[in-house]
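For reference, model12.cif is printed below; it contains mmCIF, C-alpha atoms.
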```
data_data
loop_
_atom_site.label_atom_id
_atom_site.label_comp_id
_atom_site.auth_asym_id
_atom_site.auth_seq_id
_atom_site.Cartn_x
_atom_site.Cartn_y
_atom_site.Cartn_z
CA MET A 1 0.00 0.00 0.00
CA GLU A 2 2.85 2.41 0.79
CA ASN A 3 4.29 1.98 -2.72
CA THR A 4 0.86 2.61 -4.22
CA LYS A 5 0.59 5.79 -2.16
CA ILE A 6 4.06 7.00 -3.14
CA ASP A 7 3.36 6.34 -6.84
CA PHE A 8 0.02 8.12 -6.58
CA LEU A 9 1.64 11.17 -4.99
CA LYS A 10 4.41 11.28 -7.60
CA THR A 11 1.91 11.13 -10.47
CA TYR A 12 -0.34 13.72 -8.81
CA LEU A 13 2.52 16.14 -8.21
CA SER A 14 3.88 15.66 -11.75
CA PHE A 15 0.94 17.74 -13.05
CA TYR A 16 1.89 20.85 -11.12
CA ILE A 17 4.32 23.75 -11.36
CA ASP A 18 4.78 26.32 -8.58
CA HIS A 19 4.63 30.08 -8.99
CA ASN A 20 8.32 30.61 -8.17
CA THR A 21 9.35 28.42 -11.08
CA VAL A 22 6.97 30.22 -13.44
CA LEU A 23 8.09 33.67 -12.29
CA ALA A 24 11.79 32.78 -12.62
CA GLY A 25 11.17 31.38 -16.10
CA GLN A 26 9.29 34.47 -17.20
CA GLN A 27 12.29 36.63 -16.32
CA GLN A 28 14.42 34.80 -18.87
CA PRO A 29 14.86 36.69 -22.18
CA ASP A 30 13.01 34.04 -24.20
CA SER A 31 10.68 32.42 -21.69
CA ASP A 32 9.35 28.95 -22.40
CA TYR A 33 6.28 29.53 -20.24
CA VAL A 34 2.93 30.65 -21.57
CA ILE A 35 0.14 31.04 -19.04
CA LEU A 36 -3.37 30.00 -20.07
CA ASP A 37 -6.40 31.14 -18.09
CA VAL A 38 -8.75 28.19 -18.65
CA ARG A 39 -11.70 29.48 -16.63
CA ASN A 40 -15.02 29.06 -18.45
CA ALA A 41 -16.74 31.94 -16.64
CA PRO A 42 -17.79 35.07 -18.56
CA ALA A 43 -15.53 38.15 -18.31
CA ALA A 44 -18.06 39.91 -16.06
CA ILE A 45 -17.39 37.29 -13.40
CA LYS A 46 -13.66 36.91 -14.02
CA LYS A 47 -12.78 40.61 -13.37
CA ASP A 48 -9.00 40.01 -13.31
CA GLN A 49 -6.38 37.47 -14.37
CA ILE A 50 -2.70 36.65 -13.96
CA LYS A 51 -0.66 39.30 -15.73
CA GLY A 52 0.12 38.25 -19.29
CA ALA A 53 -2.16 35.23 -19.28
CA ILE A 54 -4.02 34.24 -22.45
CA ALA A 55 -7.72 33.53 -21.95
CA MET A 56 -8.44 30.08 -23.36
CA PRO A 57 -11.48 28.56 -21.62
CA ALA A 58 -11.19 24.81 -21.02
CA LYS A 59 -14.41 24.27 -22.99
CA ASP A 60 -12.80 25.85 -26.11
CA LEU A 61 -9.28 24.45 -25.73
CA PRO A 62 -9.71 21.24 -27.78
CA GLN A 63 -10.80 23.36 -30.78
CA ARG A 64 -8.01 25.90 -30.32
CA LEU A 65 -4.95 23.63 -30.08
CA GLY A 66 -3.87 24.88 -33.52
CA GLU A 67 -3.14 28.30 -31.99
CA LEU A 68 -0.52 26.83 -29.66
CA ASP A 69 3.25 26.55 -30.11
CA ALA A 70 4.70 23.07 -29.52
CA THR A 71 8.04 24.59 -28.41
CA LYS A 72 6.42 26.31 -25.40
CA THR A 73 5.44 25.00 -21.98
CA TYR A 74 1.86 25.83 -21.07
CA VAL A 75 0.83 26.68 -17.51
CA VAL A 76 -2.92 26.49 -16.94
CA TYR A 77 -4.93 27.80 -14.02
CA ASP A 78 -8.49 27.93 -12.73
CA TRP A 79 -10.04 29.92 -9.85
CA THR A 80 -8.88 27.82 -6.93
CA ALA A 81 -6.85 24.71 -6.19
CA GLY A 82 -8.67 21.42 -6.47
CA THR A 83 -11.08 22.39 -9.23
CA THR A 84 -11.35 20.39 -12.43
CA LEU A 85 -10.83 22.79 -15.37
CA GLY A 86 -7.05 22.74 -15.05
CA LYS A 87 -7.12 18.96 -15.38
CA VAL A 88 -9.59 19.10 -18.26
CA ALA A 89 -7.13 21.44 -20.00
CA LEU A 90 -4.12 19.25 -19.11
CA LEU A 91 -5.83 16.20 -20.57
CA ALA A 92 -6.37 18.07 -23.87
CA LEU A 93 -2.82 19.49 -23.90
CA LEU A 94 -0.86 16.42 -22.78
CA GLY A 95 -3.02 14.19 -24.97
CA ALA A 96 -2.03 16.32 -27.98
CA GLY A 97 1.66 16.15 -27.09
CA PHE A 98 2.13 19.62 -25.58
CA LYS A 99 4.23 20.30 -22.50
CA ALA A 100 1.83 21.54 -19.85
CA TYR A 101 1.42 21.97 -16.11
CA GLU A 102 -1.25 23.23 -13.76
CA LEU A 103 -0.32 26.18 -11.57
CA SER A 104 -0.16 25.11 -7.92
CA CYS A 105 -2.72 26.98 -5.81
CA ALA A 106 -4.38 28.48 -8.90
CA LEU A 107 -5.43 32.12 -9.18
CA GLU A 108 -6.39 32.27 -5.51
CA GLY A 109 -2.88 31.35 -4.39
CA TRP A 110 -1.26 33.72 -6.89
CA LYS A 111 -3.33 36.62 -5.57
CA GLY A 112 -2.77 35.53 -1.97
CA MET A 113 0.97 35.92 -2.55
CA HIS A 114 0.40 39.38 -4.08
CA LEU A 115 1.86 38.37 -7.45
CA PRO A 116 1.16 40.40 -10.62
CA ILE A 117 -2.40 40.43 -11.94
CA GLU A 118 -4.26 42.64 -14.42
CA SER A 119 -7.88 43.76 -14.69
CA LEU A 120 -10.20 42.45 -17.41
CA MET B 1 4.92 8.22 -17.75
CA GLU B 2 2.73 10.16 -20.16
CA ASN B 3 0.28 7.25 -20.41
CA THR B 4 0.19 7.01 -16.62
CA LYS B 5 -0.59 10.71 -16.46
CA ILE B 6 -3.31 10.52 -19.09
CA ASP B 7 -4.93 7.54 -17.35
CA PHE B 8 -4.75 9.32 -14.01
CA LEU B 9 -6.43 12.42 -15.43
CA LYS B 10 -9.17 10.38 -17.09
CA THR B 11 -9.95 8.52 -13.87
CA TYR B 12 -9.83 11.75 -11.83
CA LEU B 13 -12.16 13.57 -14.20
CA SER B 14 -14.57 10.60 -14.38
CA PHE B 15 -15.72 11.48 -10.83
CA TYR B 16 -16.99 14.92 -11.75
CA ILE B 17 -20.02 16.54 -13.35
CA ASP B 18 -20.19 20.24 -14.21
CA HIS B 19 -22.94 22.63 -13.20
CA ASN B 20 -24.16 23.20 -16.78
CA THR B 21 -24.89 19.50 -17.19
CA VAL B 22 -26.71 19.37 -13.86
CA LEU B 23 -28.77 22.49 -14.60
CA ALA B 24 -29.73 21.24 -18.07
CA GLY B 25 -30.71 17.88 -16.61
CA GLN B 26 -32.84 19.49 -13.90
CA GLN B 27 -34.87 21.31 -16.55
CA GLN B 28 -36.02 18.01 -18.02
CA PRO B 29 -39.57 16.99 -16.94
CA ASP B 30 -38.35 13.89 -15.09
CA SER B 31 -34.79 14.74 -14.11
CA ASP B 32 -32.39 11.94 -13.32
CA TYR B 33 -30.27 14.19 -11.09
CA VAL B 34 -30.64 14.40 -7.34
CA ILE B 35 -28.25 16.74 -5.54
CA LEU B 36 -26.91 15.65 -2.15
CA ASP B 37 -25.31 18.18 0.20
CA VAL B 38 -22.79 15.96 1.99
CA ARG B 39 -21.30 18.59 4.29
CA ASN B 40 -20.93 17.38 7.87
CA ALA B 41 -21.11 20.85 9.41
CA PRO B 42 -24.07 21.82 11.64
CA ALA B 43 -26.85 23.93 10.04
CA ALA B 44 -25.68 27.03 11.97
CA ILE B 45 -22.47 26.96 9.95
CA LYS B 46 -23.99 25.86 6.64
CA LYS B 47 -26.43 28.82 6.33
CA ASP B 48 -27.39 28.05 2.72
CA GLN B 49 -27.28 25.24 0.16
CA ILE B 50 -27.82 24.56 -3.53
CA LYS B 51 -31.51 24.97 -4.32
CA GLY B 52 -33.34 21.67 -4.05
CA ALA B 53 -30.42 19.76 -2.53
CA ILE B 54 -31.04 17.05 0.05
CA ALA B 55 -28.88 17.29 3.16
CA MET B 56 -27.15 13.95 3.63
CA PRO B 57 -23.90 14.41 5.56
CA ALA B 58 -21.06 12.16 4.38
CA LYS B 59 -20.76 10.74 7.89
CA ASP B 60 -24.39 9.51 7.75
CA LEU B 61 -24.51 8.42 4.12
CA PRO B 62 -23.45 4.76 4.58
CA GLN B 63 -26.38 4.27 6.99
CA ARG B 64 -28.86 6.09 4.74
CA LEU B 65 -28.29 4.34 1.41
CA GLY B 66 -31.71 2.68 1.80
CA GLU B 67 -33.35 6.10 1.28
CA LEU B 68 -31.86 6.41 -2.20
CA ASP B 69 -33.34 5.48 -5.58
CA ALA B 70 -31.14 3.30 -7.79
CA THR B 71 -32.71 4.79 -10.93
CA LYS B 72 -31.38 8.28 -10.11
CA THR B 73 -27.96 9.87 -10.61
CA TYR B 74 -26.63 11.46 -7.44
CA VAL B 75 -24.59 14.67 -7.52
CA VAL B 76 -22.70 15.33 -4.28
CA TYR B 77 -21.02 18.52 -3.16
CA ASP B 78 -18.97 19.89 -0.27
CA TRP B 79 -17.94 23.48 0.57
CA THR B 80 -15.08 23.92 -1.89
CA ALA B 81 -13.25 22.02 -4.60
CA GLY B 82 -10.51 19.68 -3.46
CA THR B 83 -12.01 18.70 -0.12
CA THR B 84 -12.59 15.07 0.83
CA LEU B 85 -16.26 14.66 1.78
CA GLY B 86 -17.41 14.46 -1.83
CA LYS B 87 -15.03 11.56 -2.39
CA VAL B 88 -16.04 9.90 0.89
CA ALA B 89 -19.62 10.07 -0.36
CA LEU B 90 -18.69 8.82 -3.85
CA LEU B 91 -16.90 5.84 -2.36
CA ALA B 92 -20.07 4.90 -0.41
CA LEU B 93 -22.37 5.50 -3.40
CA LEU B 94 -20.29 3.90 -6.17
CA GLY B 95 -19.33 1.02 -3.88
CA ALA B 96 -23.07 0.32 -3.38
CA GLY B 97 -23.74 0.44 -7.12
CA PHE B 98 -25.35 3.89 -7.38
CA LYS B 99 -24.63 6.31 -10.22
CA ALA B 100 -22.94 9.30 -8.64
CA TYR B 101 -20.72 12.27 -9.43
CA GLU B 102 -19.09 15.08 -7.52
CA LEU B 103 -20.07 18.61 -8.54
CA SER B 104 -17.09 20.38 -10.11
CA CYS B 105 -16.11 23.45 -8.10
CA ALA B 106 -18.45 22.52 -5.23
CA LEU B 107 -20.73 25.00 -3.48
CA GLU B 108 -18.16 27.79 -3.79
CA GLY B 109 -18.11 27.55 -7.59
CA TRP B 110 -21.92 27.28 -7.78
CA LYS B 111 -22.30 30.47 -5.76
CA GLY B 112 -19.49 32.17 -7.69
CA MET B 113 -21.50 31.66 -10.87
CA HIS B 114 -24.63 33.08 -9.15
CA LEU B 115 -26.60 29.85 -9.59
CA PRO B 116 -29.73 29.14 -7.49
CA ILE B 117 -29.26 28.61 -3.76
CA GLU B 118 -31.64 28.61 -0.79
CA SER B 119 -31.23 29.60 2.86
CA LEU B 120 -31.19 27.03 5.64
CA MET C 1 -13.65 1.03 -14.79
CA GLU C 2 -15.71 0.95 -11.58
CA ASN C 3 -12.97 -1.02 -9.80
CA THR C 4 -10.37 1.47 -11.02
CA LYS C 5 -12.50 4.29 -9.64
CA ILE C 6 -13.02 2.59 -6.29
CA ASP C 7 -9.29 1.87 -5.95
CA PHE C 8 -8.47 5.47 -6.88
CA LEU C 9 -10.86 6.83 -4.26
CA LYS C 10 -9.50 4.51 -1.57
CA THR C 11 -5.93 5.54 -2.29
CA TYR C 12 -6.86 9.23 -2.46
CA LEU C 13 -8.74 9.11 0.84
CA SER C 14 -5.93 7.15 2.54
CA PHE C 15 -3.86 10.36 2.60
CA TYR C 16 -6.33 12.28 4.73
CA ILE C 17 -7.31 12.64 8.36
CA ASP C 18 -10.31 14.65 9.53
CA HIS C 19 -10.28 17.34 12.20
CA ASN C 20 -12.46 15.37 14.63
CA THR C 21 -9.93 12.54 14.72
CA VAL C 22 -7.06 14.98 15.26
CA LEU C 23 -8.90 16.88 18.01
CA ALA C 24 -9.88 13.66 19.82
CA GLY C 25 -6.28 12.42 19.60
CA GLN C 26 -4.91 15.68 20.96
CA GLN C 27 -7.06 15.32 24.08
CA GLN C 28 -5.31 12.08 24.99
CA PRO C 29 -2.61 12.47 27.69
CA ASP C 30 0.22 11.46 25.34
CA SER C 31 -1.07 12.39 21.91
CA ASP C 32 0.46 10.72 18.88
CA TYR C 33 -0.47 13.65 16.62
CA VAL C 34 1.89 16.46 15.75
CA ILE C 35 0.54 19.13 13.40
CA LEU C 36 2.91 20.59 10.81
CA ASP C 37 2.08 23.85 9.04
CA VAL C 38 3.79 23.26 5.68
CA ARG C 39 2.87 26.58 4.04
CA ASN C 40 5.82 28.20 2.27
CA ALA C 41 4.49 31.75 2.60
CA PRO C 42 6.33 34.30 4.78
CA ALA C 43 4.94 34.98 8.28
CA ALA C 44 3.60 38.39 7.18
CA ILE C 45 1.18 36.59 4.89
CA LYS C 46 0.42 33.66 7.17
CA LYS C 47 -0.89 35.79 10.10
CA ASP C 48 -2.30 32.78 12.03
CA GLN C 49 -2.02 29.00 12.25
CA ILE C 50 -3.68 26.00 13.85
CA LYS C 51 -3.10 26.13 17.59
CA GLY C 52 0.02 24.19 18.55
CA ALA C 53 1.19 23.59 14.98
CA ILE C 54 4.90 23.55 14.17
CA ALA C 55 5.89 25.68 11.17
CA MET C 56 7.81 23.47 8.76
CA PRO C 57 7.50 24.81 5.21
CA ALA C 58 7.23 22.09 2.56
CA LYS C 59 10.30 23.51 0.82
CA ASP C 60 12.41 22.94 3.99
CA LEU C 61 10.92 19.63 5.09
CA PRO C 62 13.30 17.26 3.26
CA GLN C 63 16.26 18.91 5.05
CA ARG C 64 14.51 18.89 8.44
CA LEU C 65 13.39 15.25 8.69
CA GLY C 66 16.03 14.72 11.39
CA GLU C 67 13.99 16.94 13.74
CA LEU C 68 11.02 14.57 13.59
CA ASP C 69 10.08 11.70 15.90
CA ALA C 70 9.37 8.37 14.19
CA THR C 71 6.94 7.38 16.98
CA LYS C 72 4.59 10.28 16.17
CA THR C 73 1.93 10.70 13.48
CA TYR C 74 2.33 13.90 11.51
CA VAL C 75 -0.65 15.88 10.27
CA VAL C 76 0.23 18.42 7.59
CA TYR C 77 -1.86 21.28 6.27
CA ASP C 78 -1.74 24.05 3.69
CA TRP C 79 -4.04 27.07 3.16
CA THR C 80 -6.95 25.36 1.42
CA ALA C 81 -8.06 21.93 0.28
CA GLY C 82 -6.76 20.78 -3.08
CA THR C 83 -3.42 22.59 -3.00
CA THR C 84 -0.15 20.73 -3.51
CA LEU C 85 2.11 21.52 -0.52
CA GLY C 86 0.41 18.98 1.72
CA LYS C 87 1.14 16.28 -0.86
CA VAL C 88 4.71 17.51 -1.35
CA ALA C 89 5.14 17.14 2.41
CA LEU C 90 3.45 13.71 2.49
CA LEU C 91 5.76 12.45 -0.24
CA ALA C 92 8.79 13.49 1.83
CA LEU C 93 7.36 12.07 5.07
CA LEU C 94 5.93 8.78 3.78
CA GLY C 95 8.99 8.25 1.59
CA ALA C 96 11.17 8.50 4.71
CA GLY C 97 8.99 6.04 6.61
CA PHE C 98 7.06 8.46 8.83
CA LYS C 99 3.37 8.10 9.61
CA ALA C 100 1.70 11.14 8.08
CA TYR C 101 -1.67 12.44 6.87
CA GLU C 102 -2.97 15.59 5.29
CA LEU C 103 -5.66 17.46 7.22
CA SER C 104 -8.97 17.30 5.35
CA CYS C 105 -10.17 20.78 4.35
CA ALA C 106 -6.86 22.37 5.37
CA LEU C 107 -6.59 25.60 7.39
CA GLU C 108 -9.64 27.08 5.66
CA GLY C 109 -11.88 24.25 6.82
CA TRP C 110 -10.42 24.32 10.36
CA LYS C 111 -11.18 28.02 10.65
CA GLY C 112 -14.60 27.58 9.03
CA MET C 113 -15.49 25.19 11.84
CA HIS C 114 -14.21 27.73 14.43
CA LEU C 115 -11.56 25.35 15.77
CA PRO C 116 -8.58 26.64 17.81
CA ILE C 117 -6.05 28.84 16.04
CA GLU C 118 -3.31 31.18 17.24
CA SER C 119 -1.83 34.39 15.84
CA LEU C 120 1.67 34.53 14.35
#
```
Before anything else, please render the file you have as structure tokens.
Amino acid sequence: MENTKIDFLKTYLSFYIDHNTVLAGQQQPDSDYVILDVRNAPAAIKKDQIKGAIAMPAKDLPQRLGELDATKTYVVYDWTAGTTLGKVALLALLGAGFKAYELSCALEGWKGMHLPIESL
Amino acid sequence: MENTKIDFLKTYLSFYIDHNTVLAGQQQPDSDYVILDVRNAPAAIKKDQIKGAIAMPAKDLPQRLGELDATKTYVVYDWTAGTTLGKVALLALLGAGFKAYELSCALEGWKGMHLPIESL
Amino acid sequence: MENTKIDFLKTYLSFYIDHNTVLAGQQQPDSDYVILDVRNAPAAIKKDQIKGAIAMPAKDLPQRLGELDATKTYVVYDWTAGTTLGKVALLALLGAGFKAYELSCALEGWKGMHLPIESL
């Protein structure tokens, strides 16, 4: 059972990237990271987003894969940790061969740490 | 590893149903969906719930399976996404042969989208 | 598929302990439970914690395993349910042979139930 638990945790954690790694990557001259806001909510409810993110709702992502660049690493986020849209987006992205991670702690954690956001 | 990740995501996502699907189903004349509020908290803390939900705390669910209808599809929710009571409830329901899903984004997401709730 | 889902749920839930179990254990004369606050945020952002918790950020935990007592059961928590630091900490603790669980519903759920906290 312990090996099953360890394997489960390793797989679970392999989906995530933390904000420090994303921020450090973005400060490189030619950053590999592209942040996708995969929330399905209308703009009136979203109000703000992570600075520089591209809005690509999870419900539209499978039809918009042609807009993406296979040399980049995509970082997706939803409202809060533990929701499902990030994983819906990861399934579409990883299934199509893209490099992709879900942002640990989501938008809520990013804002809680006072990291850069922008109004919509 | 990529196949392990894809399989993990598919299994993870198979537990969930989104609010649009539930709302559309509820508008059918003889809806299959029954929403169960599986929060264990006392009513004084709960204050409100999804409109039409049946309160069936996760801690009581194993003893109350006899009240359920095997022809229905149960949709369970807890306070927020990523908590454990929805999965405790799913384990009891699926293990007993019921059709059941956890509501994506939980009560917090439902309220964030301004969907119908009722006071307790 | 149903067996895969049941196994997944059992493994997922095996990582968690609920607050009632922790509180009951703490009232024993020689409690086995030690609560670790594994949030990485600086104290200025953390503001408060679960009463009696030991601050051991997930990023420092692998280097601090020598401070732990193999006869105890560690209960880790992060800000909210569904975040990743609790599972980062569990991977370090379980991988090193310690008994460890993540607190269901995290700090948010503990505070929502008005359980004991202390200022930082």
Give as a PDB file with C-alpha atoms, in the frame of the given file the residues that the PyMOL selection byres ((chain C) within 9 of (chain A)) matches when applied to the coordinates above.
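Dumped to out_7.pdb:
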```
ATOM      1  CA  PHE C   8      -8.470   5.470  -6.880  1.00  0.00           C
ATOM      2  CA  THR C  11      -5.930   5.540  -2.290  1.00  0.00           C
ATOM      3  CA  TYR C  12      -6.860   9.230  -2.460  1.00  0.00           C
ATOM      4  CA  SER C  14      -5.930   7.150   2.540  1.00  0.00           C
ATOM      5  CA  PHE C  15      -3.860  10.360   2.600  1.00  0.00           C
ATOM      6  CA  ALA C  41       4.490  31.750   2.600  1.00  0.00           C
ATOM      7  CA  ILE C  45       1.180  36.590   4.890  1.00  0.00           C
ATOM      8  CA  TRP C  79      -4.040  27.070   3.160  1.00  0.00           C
ATOM      9  CA  THR C  80      -6.950  25.360   1.420  1.00  0.00           C
ATOM     10  CA  ALA C  81      -8.060  21.930   0.280  1.00  0.00           C
ATOM     11  CA  GLY C  82      -6.760  20.780  -3.080  1.00  0.00           C
ATOM     12  CA  THR C  83      -3.420  22.590  -3.000  1.00  0.00           C
ATOM     13  CA  THR C  84      -0.150  20.730  -3.510  1.00  0.00           C
ATOM     14  CA  LEU C  85       2.110  21.520  -0.520  1.00  0.00           C
ATOM     15  CA  LYS C  87       1.140  16.280  -0.860  1.00  0.00           C
ATOM     16  CA  VAL C  88       4.710  17.510  -1.350  1.00  0.00           C
ATOM     17  CA  LEU C  90       3.450  13.710   2.490  1.00  0.00           C
ATOM     18  CA  LEU C  91       5.760  12.450  -0.240  1.00  0.00           C
ATOM     19  CA  LEU C  94       5.930   8.780   3.780  1.00  0.00           C
ATOM     20  CA  GLY C  95       8.990   8.250   1.590  1.00  0.00           C
TER      21      GLY C  95
END
```
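Taking atom CA of B:Tyr74 and atom CA of B:Ser119 as the two end points, the separation is 21.4 Å.
When all atoms listed in the file are used to measure the gap to A:Lys99, the shortest distance among A:Ala70, A:Ala24, A:Leu115, A:Leu120 belongs to A:Ala70.
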Could you give me chain C least-squares fitted onto chain A (all C-alpha atoms, paired in order), as a tab-separated table (two decimals) with C-alpha atoms, in the coordinates of the input?
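Once everything was written out, this is superposed39.tsv:
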```tsv
chain	number	residue	atom	x	y	z
C	1	MET	CA	0.00	0.01	-0.03
C	2	GLU	CA	2.84	2.42	0.79
C	3	ASN	CA	4.29	1.99	-2.72
C	4	THR	CA	0.86	2.61	-4.23
C	5	LYS	CA	0.59	5.80	-2.18
C	6	ILE	CA	4.05	7.00	-3.14
C	7	ASP	CA	3.38	6.34	-6.84
C	8	PHE	CA	0.03	8.14	-6.59
C	9	LEU	CA	1.64	11.19	-4.99
C	10	LYS	CA	4.41	11.29	-7.60
C	11	THR	CA	1.93	11.14	-10.45
C	12	TYR	CA	-0.35	13.72	-8.82
C	13	LEU	CA	2.51	16.14	-8.21
C	14	SER	CA	3.87	15.66	-11.75
C	15	PHE	CA	0.95	17.74	-13.06
C	16	TYR	CA	1.90	20.85	-11.12
C	17	ILE	CA	4.30	23.76	-11.36
C	18	ASP	CA	4.78	26.31	-8.59
C	19	HIS	CA	4.62	30.08	-8.99
C	20	ASN	CA	8.30	30.62	-8.17
C	21	THR	CA	9.35	28.42	-11.08
C	22	VAL	CA	6.96	30.22	-13.44
C	23	LEU	CA	8.08	33.68	-12.29
C	24	ALA	CA	11.78	32.78	-12.62
C	25	GLY	CA	11.15	31.37	-16.10
C	26	GLN	CA	9.27	34.48	-17.19
C	27	GLN	CA	12.28	36.64	-16.32
C	28	GLN	CA	14.42	34.81	-18.86
C	29	PRO	CA	14.85	36.70	-22.18
C	30	ASP	CA	13.01	34.03	-24.20
C	31	SER	CA	10.69	32.42	-21.69
C	32	ASP	CA	9.36	28.96	-22.41
C	33	TYR	CA	6.28	29.54	-20.23
C	34	VAL	CA	2.94	30.66	-21.57
C	35	ILE	CA	0.14	31.03	-19.03
C	36	LEU	CA	-3.37	29.99	-20.07
C	37	ASP	CA	-6.40	31.14	-18.08
C	38	VAL	CA	-8.75	28.19	-18.65
C	39	ARG	CA	-11.71	29.47	-16.61
C	40	ASN	CA	-15.02	29.06	-18.43
C	41	ALA	CA	-16.74	31.93	-16.63
C	42	PRO	CA	-17.79	35.07	-18.56
C	43	ALA	CA	-15.54	38.15	-18.31
C	44	ALA	CA	-18.06	39.92	-16.05
C	45	ILE	CA	-17.38	37.30	-13.40
C	46	LYS	CA	-13.66	36.92	-14.03
C	47	LYS	CA	-12.78	40.61	-13.39
C	48	ASP	CA	-8.99	39.99	-13.31
C	49	GLN	CA	-6.37	37.45	-14.37
C	50	ILE	CA	-2.70	36.64	-13.96
C	51	LYS	CA	-0.65	39.29	-15.71
C	52	GLY	CA	0.12	38.27	-19.29
C	53	ALA	CA	-2.15	35.22	-19.29
C	54	ILE	CA	-4.01	34.23	-22.45
C	55	ALA	CA	-7.72	33.52	-21.95
C	56	MET	CA	-8.44	30.07	-23.35
C	57	PRO	CA	-11.48	28.55	-21.62
C	58	ALA	CA	-11.19	24.81	-21.01
C	59	LYS	CA	-14.39	24.26	-22.99
C	60	ASP	CA	-12.79	25.86	-26.10
C	61	LEU	CA	-9.29	24.46	-25.73
C	62	PRO	CA	-9.71	21.25	-27.78
C	63	GLN	CA	-10.80	23.36	-30.79
C	64	ARG	CA	-8.00	25.90	-30.31
C	65	LEU	CA	-4.95	23.63	-30.06
C	66	GLY	CA	-3.86	24.87	-33.50
C	67	GLU	CA	-3.14	28.30	-31.97
C	68	LEU	CA	-0.52	26.84	-29.64
C	69	ASP	CA	3.24	26.54	-30.10
C	70	ALA	CA	4.70	23.07	-29.52
C	71	THR	CA	8.04	24.58	-28.40
C	72	LYS	CA	6.42	26.31	-25.40
C	73	THR	CA	5.43	25.00	-21.97
C	74	TYR	CA	1.85	25.83	-21.06
C	75	VAL	CA	0.83	26.67	-17.51
C	76	VAL	CA	-2.92	26.49	-16.94
C	77	TYR	CA	-4.93	27.80	-14.02
C	78	ASP	CA	-8.49	27.93	-12.73
C	79	TRP	CA	-10.03	29.93	-9.85
C	80	THR	CA	-8.88	27.82	-6.91
C	81	ALA	CA	-6.85	24.72	-6.17
C	82	GLY	CA	-8.66	21.41	-6.47
C	83	THR	CA	-11.08	22.39	-9.23
C	84	THR	CA	-11.35	20.37	-12.44
C	85	LEU	CA	-10.84	22.79	-15.37
C	86	GLY	CA	-7.07	22.75	-15.04
C	87	LYS	CA	-7.12	18.96	-15.37
C	88	VAL	CA	-9.59	19.10	-18.27
C	89	ALA	CA	-7.13	21.43	-19.99
C	90	LEU	CA	-4.11	19.25	-19.12
C	91	LEU	CA	-5.83	16.20	-20.58
C	92	ALA	CA	-6.36	18.07	-23.87
C	93	LEU	CA	-2.82	19.49	-23.91
C	94	LEU	CA	-0.86	16.42	-22.79
C	95	GLY	CA	-3.01	14.19	-24.99
C	96	ALA	CA	-2.02	16.32	-27.99
C	97	GLY	CA	1.66	16.15	-27.09
C	98	PHE	CA	2.12	19.62	-25.58
C	99	LYS	CA	4.23	20.30	-22.51
C	100	ALA	CA	1.81	21.55	-19.87
C	101	TYR	CA	1.41	21.97	-16.10
C	102	GLU	CA	-1.25	23.22	-13.77
C	103	LEU	CA	-0.32	26.18	-11.57
C	104	SER	CA	-0.16	25.11	-7.92
C	105	CYS	CA	-2.72	26.98	-5.81
C	106	ALA	CA	-4.39	28.47	-8.89
C	107	LEU	CA	-5.42	32.13	-9.19
C	108	GLU	CA	-6.39	32.29	-5.52
C	109	GLY	CA	-2.89	31.34	-4.38
C	110	TRP	CA	-1.25	33.72	-6.90
C	111	LYS	CA	-3.32	36.61	-5.58
C	112	GLY	CA	-2.77	35.53	-1.97
C	113	MET	CA	0.96	35.91	-2.55
C	114	HIS	CA	0.39	39.38	-4.10
C	115	LEU	CA	1.87	38.36	-7.45
C	116	PRO	CA	1.17	40.39	-10.63
C	117	ILE	CA	-2.38	40.43	-11.95
C	118	GLU	CA	-4.24	42.63	-14.43
C	119	SER	CA	-7.86	43.75	-14.71
C	120	LEU	CA	-10.19	42.43	-17.41
```
One decimal place gives the atom CA of A:Ile54-atom CA of A:Val76 separation as 9.6 Å
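The coordinates place atom CA of A:Tyr77 at 6.6 Å from atom CA of A:Leu36.
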